[in-house]
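First up is the structure itself, then whatever we jot down about it.
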Amino acid sequence: MTSAKVEKGSEEPPAAAADTTSAEGYQRALGARQIQMIAIGGAIGTGLFLGAGKAISKAGPSLVLAYAIAGLVIFFIMRALGELLMYRPVAGSFSEYAREFVGPFAGFVTGWTYWLFWVVTGITEVTAAAQYMTFWFSIPQWVSALIFTVILYGVNLISVKLFGELEFWFSMVKVTAIVGMILICAGILTLGFSDAGDTASVTHLWADGGFFPHGIKGTLMTLQIVMFAFLAVELVGVTAGESKDPKTVLPKAINTVPWRIAVFYIGALVMILSVVPWTEFSPDVSPFVEAFQKMGLGLGAGIVNFVVLTAALSSCNSGMYSTGRMLRDLALNGQGPKVFTRLTRSGTPLVGTTVSAALMLVGVWINYQWPGDAFTYVVSFATISGMWAWIMILISQLRYRRLADRGVLPQSSFRAPGAPYTSVFALAFLGLVIVMMGIDKDARISLYCAPLWALILGVSYLVLKARNPANKAFTGR
């Protein structure tokens, strides 16, 4: 049952309005151009620009292999999501599918956990942005974090069409910068210009301690950083309720995942690790900025720092967009406060966005208390929260496919290739990532917080169910 039916009984929107208004009441204002760039931009953020520095120090050149394998898993997850989206495109996709195919409690947990993921990710992104500002200015990180949070909250008090346009240009800046950097590195490797021209060589991928300088374990220990870099690729699922033509646009966006990963992750890393030996990168500095500095291209380093700052702010902006929609979906299903159901005239869930932005201010305090460790703390917790959504997507797709193959539900027009085997493989890989997070002392904090969050959700669910025992959000389909 969709969110709209829970709120409005059996009413259906007029057929004439189908092209402009979704079943959830949102404005279908996001076009193909915007959805494609949101999908591309979602794969380029802090995890790549800043997190890759720490991952390079742990894994060396083998980080390229980690990104390749993880990227394949991400493609399996996105195709599983695509199959569900073509079965029923809704704005609160992850929690809606978990609610339908796993159970009411799973939908409740998924919705609130995905909301928490974006709140924590927002903290991560403003933390990264604050770190980038130190490249130019000697100001406390918490000051920059506060300023950016307030500005982005203001940006989100706009129509979804303008949000999509802003994200289009944010993503365009990121894509142009990475492609430009790849071309510059290719020029250095072939023509030998810049300070790194005499030493640049693809042999750096295996000559400086080998391809696995810290062994296979070193590579495995980077998996949580690698998976964090891919978090937000599923954002296209949240845009389903506001896409002009989701049945056409979303499959095209999902099918771009392989080349996005091949170019922006594997291609970019191969280039910078060939031009500059991996041993010369600092774990606390963006490898892209540092690469330009070591090439002697100081102006280029400043430009790249601006680009990675834009990437962080773009991701935080997307986070504020997602949190308001997820809170509204929960409220429409009786699994959250009714105040979150309110929309502005332009179709923006103002209350949910405001509450989420207020909680993101916690990032200001974290940056004040632990400016050096802030990024590591929030990355680990964001990773485990975001992976829960992926796990629910895969389980929901497996159960949907089983019902569709039996004829109980209609077949999706965008079936995941290789399923159910690809979905099972992806689930096993995510399990491996969680195990490695438990071994890593820096990432282990997130696993300590997860049981506390589960307890809070369990108690909240029981309270809400006791107050609304007949609500279909608690009794099942």
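Here's how to read the names in the structure tokens: chain A, B, ... by the order shown, residue numbers from 1 in each chain, ligand numbers from 1 in the order shown.
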Please, which residues in range 380-471 of chain A fall within 8 Å of range 113-117 of chain A when counting only C-alpha atoms, and what is the closest atom pair and distance in Å to one decimal for each, ordered by chain then residue number, as a tab-separated table?
```
residue	atom	partner	partner_atom	distance
A:Phe381	CA	A:Phe117	CA	8.0
A:Ala382	CA	A:Phe117	CA	5.3
A:Thr383	CA	A:Phe117	CA	7.8
A:Ser385	CA	A:Phe117	CA	5.1
A:Gly386	CA	A:Phe117	CA	5.6
A:Trp388	CA	A:Thr113	CA	7.5
A:Ala389	CA	A:Tyr114	CA	6.4
```
Write a file of the selected residues as a PDB file, in the first residue's frame, keeping N, CA, C and O atoms.
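Full text of again.pdb as output:
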```
ATOM      1  N   PHE A 381      29.999   5.711  11.331  1.00  0.00           N
ATOM      2  CA  PHE A 381      28.580   5.576  11.676  1.00  0.00           C
ATOM      3  C   PHE A 381      27.696   5.759  10.447  1.00  0.00           C
ATOM      4  O   PHE A 381      26.681   5.075  10.297  1.00  0.00           O
ATOM      5  N   ALA A 382      28.072   6.672   9.553  1.00  0.00           N
ATOM      6  CA  ALA A 382      27.303   6.862   8.325  1.00  0.00           C
ATOM      7  C   ALA A 382      27.327   5.608   7.464  1.00  0.00           C
ATOM      8  O   ALA A 382      26.322   5.247   6.847  1.00  0.00           O
ATOM      9  N   THR A 383      28.463   4.919   7.422  1.00  0.00           N
ATOM     10  CA  THR A 383      28.595   3.727   6.587  1.00  0.00           C
ATOM     11  C   THR A 383      27.640   2.631   7.030  1.00  0.00           C
ATOM     12  O   THR A 383      26.928   2.037   6.209  1.00  0.00           O
ATOM     13  N   SER A 385      24.923   2.912   8.768  1.00  0.00           N
ATOM     14  CA  SER A 385      23.534   3.352   8.582  1.00  0.00           C
ATOM     15  C   SER A 385      23.128   3.244   7.121  1.00  0.00           C
ATOM     16  O   SER A 385      22.030   2.763   6.800  1.00  0.00           O
ATOM     17  N   GLY A 386      24.004   3.696   6.219  1.00  0.00           N
ATOM     18  CA  GLY A 386      23.682   3.642   4.801  1.00  0.00           C
ATOM     19  C   GLY A 386      23.604   2.228   4.268  1.00  0.00           C
ATOM     20  O   GLY A 386      22.759   1.917   3.415  1.00  0.00           O
ATOM     21  N   TRP A 388      22.511  -0.316   5.754  1.00  0.00           N
ATOM     22  CA  TRP A 388      21.232  -0.938   6.119  1.00  0.00           C
ATOM     23  C   TRP A 388      20.212  -0.764   4.993  1.00  0.00           C
ATOM     24  O   TRP A 388      19.460  -1.697   4.680  1.00  0.00           O
ATOM     25  N   ALA A 389      20.196   0.421   4.377  1.00  0.00           N
ATOM     26  CA  ALA A 389      19.277   0.650   3.258  1.00  0.00           C
ATOM     27  C   ALA A 389      19.596  -0.292   2.112  1.00  0.00           C
ATOM     28  O   ALA A 389      18.699  -0.858   1.480  1.00  0.00           O
TER      29      ALA A 389
END
```
Checklist entry - Mind checking DSSP for range 227-472 of chain A and telling me the helix (DSSP H, G or I) residues as a PyMOL selection string? => result chain A and resi 227-230+235-242+246-254+257-275+278-280+287-294+298-332+338-341+350-360+362-369+374-405+421-439+444-467+472
Any chance you could tabulate, as a tab-separated table, the residues of range 40-146 of chain A at most 9 Å from range 349-367 of chain A with each one's nearest atom pair and distance in Å to one decimal, using only C-alpha atoms, in chain and rising number order?
```
residue	atom	partner	partner_atom	distance
A:Trp115	CA	A:Ser356	CA	8.3
A:Leu116	CA	A:Ser356	CA	8.8
A:Trp118	CA	A:Ser356	CA	8.7
A:Val119	CA	A:Met360	CA	5.8
A:Val120	CA	A:Met360	CA	7.1
A:Thr121	CA	A:Met360	CA	8.8
A:Gly122	CA	A:Met360	CA	6.2
A:Ile123	CA	A:Gly363	CA	4.7
A:Thr124	CA	A:Gly363	CA	7.5
A:Val126	CA	A:Gly363	CA	7.3
A:Thr127	CA	A:Asn367	CA	6.7
A:Ala130	CA	A:Asn367	CA	8.6
A:Pro140	CA	A:Asn367	CA	8.5
A:Gln141	CA	A:Asn367	CA	6.0
A:Trp142	CA	A:Asn367	CA	4.9
A:Val143	CA	A:Val364	CA	7.5
A:Ser144	CA	A:Val364	CA	8.5
A:Ala145	CA	A:Val364	CA	5.5
A:Leu146	CA	A:Val364	CA	5.6
```
Next on the checklist: Please determine, counting only C-alpha atoms, which residue among A:Asp208, A:Phe135, A:Ile254, A:Thr348 has the shortest atom-to-atom distance to Glu280 in chain A.
Outcome noted: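 Counting only C-alpha atoms, the residue closest to Glu280 in chain A is A:Asp208.
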Checklist entry - Separation of CA of Met86 in chain A and CA of Ser412 in chain A, in Å? => result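 These atoms are spaced 5.6 Å apart.
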Checklist outcome for this item: Using only C-alpha atoms, the residue out of A:Gly334, A:Gly302, A:Gly107, A:Gly197 with shortest distance to Ala466 in chain A is A:Gly334
Could you list, with a cut-off of 8 Å and counting only C-alpha atoms, the residues of range 394-466 of chain A near range 219-226 of chain A, each shown with its nearest atom pair and the distance in Å rounded to one decimal, rows sorted by chain and ascending number, as a Markdown table?
```
| residue | atom | partner | partner_atom | distance |
| --- | --- | --- | --- | --- |
| A:Val433 | CA | A:Leu223 | CA | 5.9 |
| A:Ile434 | CA | A:Gln224 | CA | 7.8 |
| A:Met436 | CA | A:Met221 | CA | 6.1 |
| A:Met437 | CA | A:Gln224 | CA | 6.5 |
| A:Asp440 | CA | A:Met221 | CA | 6.8 |
| A:Ala443 | CA | A:Gln224 | CA | 7.8 |
```
Next on the checklist: For a quick check of understanding, using only C-alpha atoms, which of A:Val263, A:Val173, A:Ser274, A:Gly418 has the smallest distance to Gly187 in chain A?
Outcome noted: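 So, comparing all the options, the nearest one is A:Ser274.
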Checklist entry - Pick from A:Met227, A:Ala470, A:Pro246, A:Trp278: nearest to Leu432 in chain A, with only C-alpha atoms counted? => result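 Of A:Met227, A:Ala470, A:Pro246, A:Trp278, the one nearest Leu432 in chain A is A:Met227, counting only C-alpha atoms.
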Item to check | Polymer residues at most 9 Å from His214 in chain A, only C-alpha atoms, same-chain spacing of 6 or more positions, as a VMD selection string | outcome: chain A and resid 58 to 60
Would you output that residue set with all heavy atoms, as a compact mmCIF listing (two decimals), in the first residue's frame?
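Writing done, so here's part.txt:
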```txt
# COMPACT_ATOMS: atom_id res chain seq x y z
N LYS A 58 46.44 3.02 3.71
CA LYS A 58 46.22 1.68 4.25
C LYS A 58 46.42 0.58 3.21
O LYS A 58 46.87 -0.52 3.54
CB LYS A 58 44.80 1.56 4.82
CG LYS A 58 44.56 2.33 6.11
CD LYS A 58 43.17 2.04 6.64
CE LYS A 58 42.94 2.69 8.01
NZ LYS A 58 41.62 2.36 8.58
N ALA A 59 46.05 0.86 1.97
CA ALA A 59 46.05 -0.20 0.95
C ALA A 59 47.03 0.01 -0.18
O ALA A 59 47.36 -0.95 -0.89
CB ALA A 59 44.64 -0.35 0.37
N GLY A 60 47.52 1.24 -0.37
CA GLY A 60 48.40 1.51 -1.50
C GLY A 60 47.66 1.36 -2.82
O GLY A 60 46.44 1.58 -2.88
```
Next on the checklist: I want to know what sits within 12 Å of Leu462 in chain A, based on only C-alpha atoms, with residues of the same chain fewer than 5 positions away left out; could you give that as JSON, numbers by chain?
Outcome noted: {"A": [104, 105, 108, 335, 455, 456, 457, 467, 468, 469, 474]}
